[in-house]
file target.cif (mmCIF, C-alpha atoms and all ligand atoms)
data_protein
loop_
_atom_site.label_atom_id
_atom_site.label_comp_id
_atom_site.auth_asym_id
_atom_site.auth_seq_id
_atom_site.Cartn_x
_atom_site.Cartn_y
_atom_site.Cartn_z
CA MET Q 1157 0.00 0.00 0.00
CA THR Q 1158 1.42 3.40 -0.84
CA THR Q 1159 2.34 5.94 1.80
CA MET Q 1160 -0.24 8.31 0.34
CA LEU Q 1161 -3.04 5.81 0.56
CA ARG Q 1162 -1.94 4.63 3.99
CA ARG Q 1163 -2.08 8.21 5.19
CA SER Q 1164 -5.57 8.84 3.84
CA LEU Q 1165 -6.87 5.66 5.47
CA SER Q 1166 -5.17 6.27 8.78
CA SER Q 1167 -6.73 9.64 9.47
CA LYS Q 1168 -10.46 9.55 8.91
CA ALA Q 1169 -11.28 11.76 11.94
CA ALA Q 1170 -10.46 15.48 12.02
CA ARG Q 1171 -6.91 15.74 10.68
CA LYS Q 1172 -4.45 17.62 12.82
CA VAL Q 1173 -2.50 20.27 10.97
CA ALA Q 1174 0.59 21.89 12.49
CA VAL Q 1175 0.58 25.49 11.26
CA LEU Q 1176 4.03 27.13 11.24
CA PRO Q 1177 3.68 30.60 9.66
CA GLY Q 1178 7.30 31.68 10.37
CA ASP Q 1179 8.59 35.10 9.37
CA GLY Q 1180 8.13 37.94 6.90
CA ILE Q 1181 5.15 37.34 4.62
CA GLY Q 1182 4.64 33.86 6.17
CA PRO Q 1183 1.93 34.91 8.67
CA GLU Q 1184 0.16 37.10 6.07
CA VAL Q 1185 -0.15 34.42 3.42
CA MET Q 1186 -0.87 31.70 6.00
CA LYS Q 1187 -3.92 33.66 7.20
CA GLU Q 1188 -5.38 33.45 3.68
CA ALA Q 1189 -4.58 29.74 3.33
CA LEU Q 1190 -6.39 29.00 6.59
CA LYS Q 1191 -9.40 31.06 5.44
CA VAL Q 1192 -9.59 28.90 2.34
CA LEU Q 1193 -9.08 25.62 4.23
CA LYS Q 1194 -11.81 26.51 6.73
CA ARG Q 1195 -14.20 27.23 3.83
CA THR Q 1196 -13.15 23.93 2.25
CA ALA Q 1197 -14.06 22.05 5.45
CA GLU Q 1198 -17.51 23.69 5.38
CA LEU Q 1199 -18.09 22.61 1.77
CA PHE Q 1200 -16.52 19.16 2.17
CA PRO Q 1201 -17.47 17.91 5.66
CA LYS Q 1202 -15.17 14.86 5.25
CA CYS Q 1203 -12.27 17.33 5.31
CA ALA Q 1204 -12.59 18.32 8.97
CA MET Q 1205 -9.25 19.67 10.19
CA THR Q 1206 -7.89 21.15 13.39
CA PHE Q 1207 -5.15 23.77 13.22
CA GLU Q 1208 -2.56 24.23 15.94
CA HIS Q 1209 -0.02 27.04 15.59
CA GLY Q 1210 3.70 26.79 16.36
CA ASN Q 1211 6.70 29.11 16.12
CA ILE Q 1212 9.60 28.50 13.76
CA GLY Q 1213 12.49 30.54 12.33
CA GLY Q 1214 12.90 34.06 13.69
CA ALA Q 1215 9.51 33.70 15.38
CA GLY Q 1216 10.78 30.54 17.11
CA PHE Q 1217 13.91 32.40 18.20
CA ASP Q 1218 11.83 35.25 19.66
CA ALA Q 1219 9.50 32.90 21.53
CA HIS Q 1220 11.89 30.15 22.66
CA GLY Q 1221 15.47 31.19 21.86
CA GLU Q 1222 15.89 28.72 18.98
CA HIS Q 1223 14.87 28.50 15.34
CA PHE Q 1224 13.33 25.03 15.62
CA PRO Q 1225 12.07 24.88 19.22
CA ALA Q 1226 11.39 21.55 20.94
CA VAL Q 1227 7.72 22.54 21.46
CA THR Q 1228 7.34 23.08 17.71
CA LYS Q 1229 8.89 19.67 17.01
CA ALA Q 1230 6.49 18.09 19.51
CA LEU Q 1231 3.55 19.85 17.83
CA CYS Q 1232 4.62 18.44 14.44
CA GLU Q 1233 5.04 14.97 15.94
CA ARG Q 1234 1.42 14.88 17.09
CA SER Q 1235 0.11 16.25 13.76
CA ASP Q 1236 -0.91 14.61 10.49
CA ALA Q 1237 0.66 17.28 8.25
CA ILE Q 1238 2.77 20.44 8.52
CA LEU Q 1239 1.71 23.66 6.81
CA PHE Q 1240 4.79 25.86 6.74
CA GLY Q 1241 5.03 29.53 5.72
CA SER Q 1242 8.58 30.78 5.30
CA VAL Q 1243 11.49 31.76 7.51
CA GLY Q 1244 14.36 34.20 7.44
CA GLY Q 1245 15.11 37.89 7.80
CA PRO Q 1246 16.36 40.74 5.65
CA VAL Q 1247 19.79 40.37 4.00
CA GLN Q 1248 21.24 43.33 5.98
CA GLU Q 1249 20.27 41.67 9.29
CA GLN Q 1250 21.63 38.16 8.57
CA HIS Q 1251 24.47 38.61 11.11
CA MET Q 1252 22.01 39.06 14.00
CA PRO Q 1253 21.48 35.96 16.24
CA LYS Q 1254 17.77 35.96 15.37
CA TRP Q 1255 18.51 35.49 11.69
CA LYS Q 1256 21.95 33.81 11.55
CA ASP Q 1257 21.49 30.30 10.06
CA CYS Q 1258 17.73 30.73 10.57
CA GLU Q 1259 16.66 29.03 7.32
CA LYS Q 1260 19.23 26.25 7.70
CA ASN Q 1261 18.35 25.50 11.34
CA SER Q 1262 14.61 25.53 10.71
CA LEU Q 1263 14.45 23.58 7.47
CA LEU Q 1264 17.30 21.15 8.10
CA GLY Q 1265 15.85 20.59 11.59
CA LEU Q 1266 12.49 19.67 10.10
CA ARG Q 1267 14.08 17.64 7.30
CA LYS Q 1268 16.13 15.62 9.80
CA ALA Q 1269 13.37 15.23 12.40
CA PHE Q 1270 10.84 13.96 9.87
CA ASP Q 1271 13.09 12.27 7.28
CA LEU Q 1272 11.83 14.54 4.49
CA ALA Q 1273 13.51 12.64 1.64
CA VAL Q 1274 11.45 13.69 -1.37
CA ASN Q 1275 10.60 17.14 -2.68
CA VAL Q 1276 7.58 17.83 -4.90
CA ARG Q 1277 7.32 21.05 -6.86
CA PRO Q 1278 4.51 21.75 -9.29
CA ALA Q 1279 5.11 24.38 -11.99
CA LYS Q 1280 2.01 25.64 -13.74
CA VAL Q 1281 1.66 28.57 -16.12
CA TYR Q 1282 -1.79 30.15 -15.81
CA PRO Q 1283 -2.93 30.96 -19.37
CA THR Q 1284 -4.09 34.46 -18.36
CA LEU Q 1285 -0.70 35.09 -16.72
CA ALA Q 1286 1.39 34.25 -19.78
CA HIS Q 1287 2.65 37.85 -19.56
CA CYS Q 1288 4.48 36.92 -16.30
CA SER Q 1289 6.41 34.04 -17.85
CA PRO Q 1290 9.84 34.70 -19.37
CA LEU Q 1291 8.92 32.32 -22.23
CA ARG Q 1292 7.23 33.42 -25.47
CA SER Q 1293 3.48 32.78 -25.45
CA GLU Q 1294 3.62 30.27 -28.34
CA LEU Q 1295 5.76 27.98 -26.16
CA LEU Q 1296 3.05 28.06 -23.49
CA LYS Q 1297 -0.06 27.69 -25.63
CA ASP Q 1298 -0.45 23.92 -25.06
CA GLY Q 1299 -0.69 24.42 -21.29
CA VAL Q 1300 2.28 24.10 -18.95
CA ASP Q 1301 1.41 22.07 -15.85
CA MET Q 1302 4.09 19.77 -14.49
CA VAL Q 1303 5.30 18.36 -11.18
CA ILE Q 1304 8.99 17.79 -10.46
CA ILE Q 1305 9.76 15.11 -7.88
CA ARG Q 1306 13.30 15.22 -6.52
CA GLU Q 1307 15.14 12.82 -4.22
CA LEU Q 1308 16.51 14.97 -1.39
CA LEU Q 1309 18.82 12.99 0.88
CA GLY Q 1310 21.09 10.99 -1.46
CA GLY Q 1311 23.44 11.44 -4.39
CA ILE Q 1312 26.49 13.62 -4.78
CA TYR Q 1313 25.44 16.27 -2.23
CA PHE Q 1314 25.59 13.65 0.53
CA GLY Q 1315 28.63 11.70 -0.73
CA GLU Q 1316 32.21 12.00 0.49
CA HIS Q 1317 33.88 15.27 -0.57
CA THR Q 1318 37.68 15.30 -0.59
CA THR Q 1319 40.45 17.50 -1.91
CA GLU Q 1320 44.04 16.26 -2.15
CA GLY Q 1321 46.61 18.59 -3.63
CA ASP Q 1322 45.35 19.68 -6.99
CA SER Q 1323 42.62 17.06 -7.28
CA ALA Q 1324 39.15 16.93 -5.72
CA LYS Q 1325 36.49 14.25 -5.52
CA ASP Q 1326 32.74 14.12 -4.79
CA VAL Q 1327 31.17 10.70 -4.45
CA CYS Q 1328 27.66 10.00 -5.77
CA THR Q 1329 25.90 6.99 -4.22
CA TYR Q 1330 22.33 5.70 -4.46
CA THR Q 1331 20.72 2.60 -3.02
CA VAL Q 1332 17.67 0.85 -4.47
CA ALA Q 1333 15.65 1.86 -1.38
CA GLN Q 1334 16.55 5.53 -1.85
CA ILE Q 1335 15.54 5.39 -5.51
CA ARG Q 1336 12.24 3.60 -4.90
CA ARG Q 1337 10.90 6.25 -2.53
CA PRO Q 1338 10.57 9.21 -4.93
CA LEU Q 1339 9.60 6.89 -7.79
CA GLU Q 1340 6.79 5.33 -5.80
CA PHE Q 1341 5.36 8.77 -5.18
CA ALA Q 1342 5.96 9.77 -8.83
CA PHE Q 1343 3.94 6.81 -10.18
CA GLN Q 1344 1.08 7.65 -7.79
CA ALA Q 1345 1.19 11.33 -8.73
CA ALA Q 1346 1.17 10.50 -12.46
CA LYS Q 1347 -1.93 8.30 -11.99
CA GLY Q 1348 -3.81 11.27 -10.54
CA ARG Q 1349 -2.68 13.50 -13.42
CA LYS Q 1350 -2.12 12.87 -17.16
CA GLY Q 1351 -0.47 9.50 -16.53
CA LYS Q 1352 2.96 10.42 -17.92
CA LEU Q 1353 6.22 10.02 -16.00
CA THR Q 1354 9.62 11.16 -17.27
CA VAL Q 1355 12.59 9.83 -15.32
CA VAL Q 1356 15.54 12.17 -15.82
CA ASP Q 1357 19.11 10.86 -15.56
CA LYS Q 1358 22.49 10.66 -17.25
CA ALA Q 1359 22.44 6.92 -17.86
CA ASN Q 1360 24.85 7.17 -20.81
CA VAL Q 1361 27.59 8.09 -18.31
CA LEU Q 1362 26.66 7.36 -14.69
CA ASP Q 1363 26.23 4.02 -12.93
CA THR Q 1364 23.85 5.60 -10.40
CA SER Q 1365 21.64 6.69 -13.32
CA ARG Q 1366 21.70 3.18 -14.77
CA LEU Q 1367 20.52 1.91 -11.36
CA TRP Q 1368 17.71 4.50 -11.38
CA ARG Q 1369 16.66 3.20 -14.83
CA LYS Q 1370 16.74 -0.44 -13.67
CA VAL Q 1371 14.62 0.32 -10.59
CA ALA Q 1372 12.16 2.51 -12.53
CA THR Q 1373 11.77 -0.15 -15.25
CA GLU Q 1374 11.01 -2.80 -12.61
CA MET Q 1375 8.51 -0.55 -10.80
CA ALA Q 1376 6.77 0.44 -14.04
CA LYS Q 1377 5.50 -3.16 -14.37
CA ASP Q 1378 3.30 -2.52 -11.31
CA HIS Q 1379 1.91 0.69 -12.82
CA PRO Q 1380 0.73 -0.19 -16.34
CA GLU Q 1381 -1.58 2.84 -16.45
CA VAL Q 1382 1.45 5.17 -16.34
CA THR Q 1383 3.46 5.83 -19.51
CA MET Q 1384 7.08 6.14 -18.48
CA ASP Q 1385 9.98 7.45 -20.50
CA PHE Q 1386 13.61 8.33 -19.74
CA MET Q 1387 15.38 11.54 -20.67
CA TYR Q 1388 19.00 12.63 -20.24
CA VAL Q 1389 19.29 15.62 -17.96
CA ASP Q 1390 20.95 17.85 -20.57
CA ASN Q 1391 18.06 17.23 -22.97
CA ALA Q 1392 15.54 17.73 -20.13
CA ALA Q 1393 17.04 21.17 -19.42
CA MET Q 1394 16.52 22.09 -23.09
CA GLN Q 1395 13.00 20.64 -23.30
CA LEU Q 1396 11.90 22.53 -20.16
CA ILE Q 1397 12.46 25.73 -22.12
CA LYS Q 1398 11.65 24.54 -25.67
CA ALA Q 1399 8.63 22.33 -24.94
CA PRO Q 1400 7.51 22.80 -21.30
CA ALA Q 1401 3.98 21.63 -22.11
CA SER Q 1402 5.31 18.17 -23.01
CA PHE Q 1403 5.96 17.28 -19.34
CA ASP Q 1404 3.54 15.87 -16.77
CA VAL Q 1405 5.51 14.30 -13.89
CA ILE Q 1406 9.33 14.40 -13.77
CA CYS Q 1407 11.22 12.30 -11.25
CA THR Q 1408 14.94 12.60 -10.72
CA GLU Q 1409 17.88 12.41 -8.35
CA ASN Q 1410 19.02 15.11 -5.96
CA MET Q 1411 21.39 17.33 -7.96
CA PHE Q 1412 19.54 17.08 -11.28
CA GLY Q 1413 16.29 17.87 -9.43
CA ASP Q 1414 17.85 20.84 -7.69
CA ILE Q 1415 18.83 22.38 -11.02
CA LEU Q 1416 15.73 21.43 -13.03
CA SER Q 1417 13.24 22.52 -10.35
CA ASP Q 1418 14.89 25.93 -10.14
CA ALA Q 1419 14.78 26.23 -13.93
CA ALA Q 1420 11.08 25.24 -13.94
CA SER Q 1421 10.32 27.66 -11.11
CA VAL Q 1422 10.76 30.66 -13.39
CA LEU Q 1423 8.14 29.42 -15.88
CA PRO Q 1424 5.01 30.58 -13.94
CA GLY Q 1425 6.54 34.05 -13.55
CA SER Q 1426 6.21 34.56 -9.77
CA LEU Q 1427 7.36 32.68 -6.69
CA GLY Q 1428 4.00 33.64 -5.22
CA LEU Q 1429 2.34 31.02 -7.45
CA MET Q 1430 4.56 28.07 -6.51
CA PRO Q 1431 3.63 25.62 -3.75
CA SER Q 1432 5.83 22.66 -2.80
CA ALA Q 1433 5.80 19.59 -0.59
CA SER Q 1434 8.48 17.61 1.22
CA LEU Q 1435 7.59 14.03 1.93
CA GLY Q 1436 8.70 12.27 5.07
CA SER Q 1437 8.24 8.70 6.22
CA LYS Q 1438 5.62 9.70 8.81
CA LEU Q 1439 4.20 12.98 7.58
CA TYR Q 1440 4.50 15.53 4.81
CA LEU Q 1441 5.38 19.24 4.96
CA TYR Q 1442 3.89 21.85 2.60
CA GLU Q 1443 5.48 25.24 1.93
CA PRO Q 1444 5.60 27.95 -0.74
CA SER Q 1445 8.72 27.73 -2.93
CA GLY Q 1446 9.66 31.33 -2.16
CA GLY Q 1447 11.13 32.77 1.00
CA SER Q 1448 9.96 35.28 3.60
CA ALA Q 1449 10.17 38.22 1.15
CA PRO Q 1450 11.27 40.84 3.72
CA ASP Q 1451 11.07 43.52 0.99
CA ILE Q 1452 7.26 43.30 0.95
CA ALA Q 1453 6.51 41.87 4.42
CA GLY Q 1454 3.90 43.73 6.47
CA LYS Q 1455 2.57 45.64 3.45
CA GLY Q 1456 -0.35 43.30 2.73
CA VAL Q 1457 0.70 42.88 -0.90
CA ALA Q 1458 2.21 39.37 -0.96
CA ASN Q 1459 0.60 36.83 -3.25
CA PRO Q 1460 -0.97 34.11 -1.06
CA ALA Q 1461 -1.66 31.74 -3.99
CA ALA Q 1462 1.36 29.51 -3.27
CA GLN Q 1463 0.37 29.10 0.38
CA ILE Q 1464 -3.28 28.46 -0.55
CA LEU Q 1465 -2.16 25.87 -3.12
CA CYS Q 1466 -0.05 24.22 -0.39
CA GLY Q 1467 -3.37 23.60 1.36
CA ALA Q 1468 -4.68 21.89 -1.79
CA MET Q 1469 -1.55 19.71 -2.00
CA MET Q 1470 -1.98 18.78 1.66
CA LEU Q 1471 -5.57 17.68 1.08
CA ARG Q 1472 -4.53 15.63 -1.94
CA TYR Q 1473 -1.30 14.02 -0.78
CA SER Q 1474 -1.65 13.77 3.02
CA PHE Q 1475 -5.39 13.26 3.34
CA GLY Q 1476 -6.40 11.73 -0.02
CA GLU Q 1477 -9.15 14.37 -0.48
CA GLU Q 1478 -8.86 14.86 -4.24
CA ALA Q 1479 -12.21 16.62 -4.78
CA ALA Q 1480 -11.50 19.22 -2.09
CA ALA Q 1481 -7.97 19.77 -3.40
CA ALA Q 1482 -9.27 20.23 -6.94
CA ALA Q 1483 -11.93 22.67 -5.66
CA ILE Q 1484 -9.24 24.89 -4.13
CA GLU Q 1485 -7.16 24.79 -7.31
CA ALA Q 1486 -10.23 25.63 -9.41
CA ALA Q 1487 -11.05 28.55 -7.10
CA VAL Q 1488 -7.49 29.92 -7.44
CA ASP Q 1489 -7.80 29.52 -11.24
CA GLN Q 1490 -11.13 31.36 -11.11
CA ALA Q 1491 -9.78 34.26 -9.01
CA ILE Q 1492 -6.86 34.69 -11.40
CA LEU Q 1493 -9.09 34.34 -14.47
CA SER Q 1494 -11.42 37.03 -13.17
CA GLY Q 1495 -8.48 39.44 -12.92
CA VAL Q 1496 -8.06 39.48 -9.14
CA LEU Q 1497 -4.26 39.83 -9.20
CA THR Q 1498 -1.66 40.79 -6.61
CA GLY Q 1499 1.16 43.12 -7.66
CA ASP Q 1500 3.61 40.36 -8.62
CA ILE Q 1501 1.28 39.01 -11.32
CA ALA Q 1502 -0.76 42.04 -12.42
CA PRO Q 1503 0.20 43.35 -15.87
CA PRO Q 1504 2.23 46.57 -15.68
CA GLY Q 1505 0.04 49.66 -15.36
CA THR Q 1506 -3.00 47.74 -14.08
CA LYS Q 1507 -4.54 47.83 -10.62
CA SER Q 1508 -3.52 45.10 -8.20
CA VAL Q 1509 -5.27 43.73 -5.11
CA SER Q 1510 -4.09 43.08 -1.57
CA THR Q 1511 -3.21 39.70 -0.04
CA SER Q 1512 -6.53 39.49 1.79
CA VAL Q 1513 -8.63 40.52 -1.22
CA PHE Q 1514 -7.04 37.70 -3.21
CA GLY Q 1515 -7.80 35.26 -0.36
CA ASP Q 1516 -11.41 36.49 -0.19
CA ALA Q 1517 -11.78 36.01 -3.96
CA VAL Q 1518 -10.61 32.39 -3.66
CA VAL Q 1519 -13.03 31.76 -0.77
CA ALA Q 1520 -15.87 33.29 -2.81
CA ALA Q 1521 -15.01 31.11 -5.82
CA MET Q 1522 -14.98 27.85 -3.80
CA LYS Q 1523 -17.60 25.32 -4.90
CA ALA Q 1524 -18.37 21.87 -3.51
P1 LIG F 1 12.35 35.46 -1.41
O1 LIG F 1 11.79 34.27 -2.10
O2 LIG F 1 11.89 35.74 -0.05
O3 LIG F 1 12.06 36.75 -2.32
C1 LIG F 1 12.54 36.87 -3.67
C2 LIG F 1 11.63 37.87 -4.41
O4 LIG F 1 10.37 37.24 -4.66
C3 LIG F 1 11.34 39.12 -3.60
O5 LIG F 1 11.32 40.23 -4.44
C4 LIG F 1 9.98 38.87 -3.02
O6 LIG F 1 9.25 40.05 -2.77
C5 LIG F 1 9.32 38.00 -4.12
N1 LIG F 1 8.31 37.11 -3.55
C6 LIG F 1 8.52 35.95 -2.87
N2 LIG F 1 7.36 35.42 -2.49
C7 LIG F 1 6.39 36.27 -2.92
C8 LIG F 1 4.97 36.28 -2.82
N3 LIG F 1 4.31 35.32 -2.19
N4 LIG F 1 4.30 37.31 -3.38
C9 LIG F 1 4.95 38.28 -4.04
N5 LIG F 1 6.29 38.34 -4.17
C10 LIG F 1 7.00 37.34 -3.61
O7 LIG F 1 13.94 35.29 -1.46
P2 LIG F 1 15.10 36.13 -0.77
O8 LIG F 1 14.76 37.60 -0.83
O9 LIG F 1 16.34 35.67 -1.42
O10 LIG F 1 15.14 35.66 0.74
C11 LIG F 1 14.50 36.36 1.80
C12 LIG F 1 14.59 35.55 3.06
O11 LIG F 1 13.86 34.32 2.88
C13 LIG F 1 16.02 35.15 3.45
O12 LIG F 1 16.18 35.29 4.83
C14 LIG F 1 16.11 33.69 3.03
O13 LIG F 1 17.02 32.97 3.83
C15 LIG F 1 14.70 33.23 3.26
N6 LIG F 1 14.26 32.05 2.48
C16 LIG F 1 13.47 31.17 3.14
C17 LIG F 1 12.97 30.08 2.46
C18 LIG F 1 12.05 29.15 3.20
O14 LIG F 1 11.52 29.53 4.23
N7 LIG F 1 11.83 27.94 2.70
C19 LIG F 1 13.25 29.89 1.10
C20 LIG F 1 14.05 30.84 0.45
C21 LIG F 1 14.54 31.92 1.15
#

call {"tool": "encode", "arguments": {"input": "target.cif", "output": "structure tokens"}}
result
Amino acid sequence: MTTMLRRSLSSKAARKVAVLPGDGIGPEVMKEALKVLKRTAELFPKCAMTFEHGNIGGAGFDAHGEHFPAVTKALCERSDAILFGSVGGPVQEQHMPKWKDCEKNSLLGLRKAFDLAVNVRPAKVYPTLAHCSPLRSELLKDGVDMVIIRELLGGIYFGEHTTEGDSAKDVCTYTVAQIRRPLEFAFQAAKGRKGKLTVVDKANVLDTSRLWRKVATEMAKDHPEVTMDFMYVDNAAMQLIKAPASFDVICTENMFGDILSDAASVLPGSLGLMPSASLGSKLYLYEPSGGSAPDIAGKGVANPAAQILCGAMMLRYSFGEEAAAAAIEAAVDQAILSGVLTGDIAPPGTKSVSTSVFGDAVVAAMKA
């Protein structure tokens, strides 16, 4: 039984959500996400949720003297999912104890505590927001809507790094178990989407990539409804720009995923549109792809779409509530389509709305 399915079966009662708004725009966008989730629970009574708040990042430091306080860890441990905002302070204040290593301590703390080994990042270009994308509109006309699934705790970043004299070495290692975990999720995700999975590697050169191919080929036999293909990472980098609409689900190892997911993140045109998930063995964490945006924090202008869409991902992947997740995504689509746009996505010279007006528009567009 898959982790996703296991999770949805194991938590039929009100699901407990640990809410960690963090710093900067985190609390502002989280407020809108919770508004939308509470409306969702009214429309979909099966989606009853309880929300318990905890401090993390600079807010954790202020409240408890550390970025990832023990009470916050305990809150996450008794929860079914973590809804995370963002952490970190302004660049000019990074030397202050409150902000020094804030992002590292908070996120690595969570990653370690909950074995968050797989990262999931959707990248969707909203047709009415083609003006935000750096790509020409003809490259977007077939609809760009992909999910990149990246292994997070293996590969070259975690291998031995040595330098001797004028030579240096970085070791890349993968085990079958490490490879199976992201792939298992990728097959499940593809089934709920267009049914296409592209496994990205460099199997013409690397043994680890050849192992990925072997494992993926074996696993594909259990998922006949998914069409799987392989693509070399250099070609994938080109195709992301030349033919982004050709992708559905991409699954890849740590370093390739790091690079490709950052490349894909510019396609929608604003970080404010990009949710993400990190999958652990016991629970999953959902967070916007962007940071705490100190430049706009407190002004009520941040785009809450990414945080709201994190709520949809949580309903889909942690709780198995596909209809409710799709309803949130449709309501975000509807708000954007009707021209309710925050400053980061409004065409130049047009009027933009505040964070809370965008959230209200999504709530108003929600349908059971
Ligand atoms: P950032 O993502 O916070 O901001 C980059 C740019 O994107 C800014 O101009 C910002 O205004 C804009 N932006 C981001 N989210 C937006 C939204 N929802 N709506 C509208 N505009 C948005 O990156 P940064 O400025 O490099 O980092 C700021 C702080 O965030 C740093 O302290 C950094 O360490 C931290 N950070 C945290 C995370 C995280 O919590 N996962 C991730 C990245 C950066």

call {"tool": "residues_near_ligand", "arguments": {"input": "target.cif", "ligand": "ligand LIG 1 (chain F)", "cutoff": "6 Å", "atoms": "only C-alpha atoms and all ligand atoms", "output": "ChimeraX atom specification"}}
result
/Q:1242-1246,1259,1427-1428,1446-1452,1458-1460,1500

call {"tool": "write_last_selection", "arguments": {"input": "target.cif", "atoms": "C-alpha atoms", "output": "PDB file, in the frame of the given file"}}
result
ATOM      1  CA  SER Q1242       8.580  30.780   5.300  1.00  0.00           C
ATOM      2  CA  VAL Q1243      11.490  31.760   7.510  1.00  0.00           C
ATOM      3  CA  GLY Q1244      14.360  34.200   7.440  1.00  0.00           C
ATOM      4  CA  GLY Q1245      15.110  37.890   7.800  1.00  0.00           C
ATOM      5  CA  PRO Q1246      16.360  40.740   5.650  1.00  0.00           C
ATOM      6  CA  GLU Q1259      16.660  29.030   7.320  1.00  0.00           C
ATOM      7  CA  LEU Q1427       7.360  32.680  -6.690  1.00  0.00           C
ATOM      8  CA  GLY Q1428       4.000  33.640  -5.220  1.00  0.00           C
ATOM      9  CA  GLY Q1446       9.660  31.330  -2.160  1.00  0.00           C
ATOM     10  CA  GLY Q1447      11.130  32.770   1.000  1.00  0.00           C
ATOM     11  CA  SER Q1448       9.960  35.280   3.600  1.00  0.00           C
ATOM     12  CA  ALA Q1449      10.170  38.220   1.150  1.00  0.00           C
ATOM     13  CA  PRO Q1450      11.270  40.840   3.720  1.00  0.00           C
ATOM     14  CA  ASP Q1451      11.070  43.520   0.990  1.00  0.00           C
ATOM     15  CA  ILE Q1452       7.260  43.300   0.950  1.00  0.00           C
ATOM     16  CA  ALA Q1458       2.210  39.370  -0.960  1.00  0.00           C
ATOM     17  CA  ASN Q1459       0.600  36.830  -3.250  1.00  0.00           C
ATOM     18  CA  PRO Q1460      -0.970  34.110  -1.060  1.00  0.00           C
ATOM     19  CA  ASP Q1500       3.610  40.360  -8.620  1.00  0.00           C
TER      20      ASP Q1500
END

call {"tool": "axis_aligned_box", "arguments": {"input": "target.cif", "around": "region 1255-1268 of chain Q", "padding_each_side": "4 Å", "output": "lines of an AutoDock Vina configuration file"}}
result
center_x = 17.2
center_y = 25.6
center_z = 9.5
size_x = 17.5
size_y = 27.9
size_z = 12.4

call {"tool": "closest_residue", "arguments": {"input": "target.cif", "among": "Q:Met1186, Q:Ala1401, Q:Leu1396, Q:Ile1335", "to": "Ser1512 (chain Q)", "atoms": "only C-alpha atoms"}}
result
Q:Met1186

call {"tool": "residues_around", "arguments": {"input": "target.cif", "residues": "region 1350-1362 of chain Q", "least_positions_apart": "2", "cutoff": "8 Å", "atoms": "all atoms listed in the file", "output": "ChimeraX atom specification"}}
result
/Q:1342-1343,1346-1348,1364-1366,1368-1369,1372,1381-1389,1392,1403-1409,1412

call {"tool": "closest_residue", "arguments": {"input": "target.cif", "among": "Q:Ile1238, Q:Leu1193, Q:Asp1363, Q:Met1375", "to": "Lys1172 (chain Q)", "atoms": "all atoms listed in the file"}}
result
Q:Ile1238

call {"tool": "decode", "arguments": {"input": "target.cif", "residues": "region 1205-1239 of chain Q", "atoms": "C-alpha atoms", "output": "compact mmCIF listing (two decimals), in the first residue's frame"}}
result
# COMPACT_ATOMS: atom_id res chain seq x y z
CA MET Q 1205 -9.25 19.67 10.19
CA THR Q 1206 -7.89 21.15 13.39
CA PHE Q 1207 -5.15 23.77 13.22
CA GLU Q 1208 -2.56 24.23 15.94
CA HIS Q 1209 -0.02 27.04 15.59
CA GLY Q 1210 3.70 26.79 16.36
CA ASN Q 1211 6.70 29.11 16.12
CA ILE Q 1212 9.60 28.50 13.76
CA GLY Q 1213 12.49 30.54 12.33
CA GLY Q 1214 12.90 34.06 13.69
CA ALA Q 1215 9.51 33.70 15.38
CA GLY Q 1216 10.78 30.54 17.11
CA PHE Q 1217 13.91 32.40 18.20
CA ASP Q 1218 11.83 35.25 19.66
CA ALA Q 1219 9.50 32.90 21.53
CA HIS Q 1220 11.89 30.15 22.66
CA GLY Q 1221 15.47 31.19 21.86
CA GLU Q 1222 15.89 28.72 18.98
CA HIS Q 1223 14.87 28.50 15.34
CA PHE Q 1224 13.33 25.03 15.62
CA PRO Q 1225 12.07 24.88 19.22
CA ALA Q 1226 11.39 21.55 20.94
CA VAL Q 1227 7.72 22.54 21.46
CA THR Q 1228 7.34 23.08 17.71
CA LYS Q 1229 8.89 19.67 17.01
CA ALA Q 1230 6.49 18.09 19.51
CA LEU Q 1231 3.55 19.85 17.83
CA CYS Q 1232 4.62 18.44 14.44
CA GLU Q 1233 5.04 14.97 15.94
CA ARG Q 1234 1.42 14.88 17.09
CA SER Q 1235 0.11 16.25 13.76
CA ASP Q 1236 -0.91 14.61 10.49
CA ALA Q 1237 0.66 17.28 8.25
CA ILE Q 1238 2.77 20.44 8.52
CA LEU Q 1239 1.71 23.66 6.81
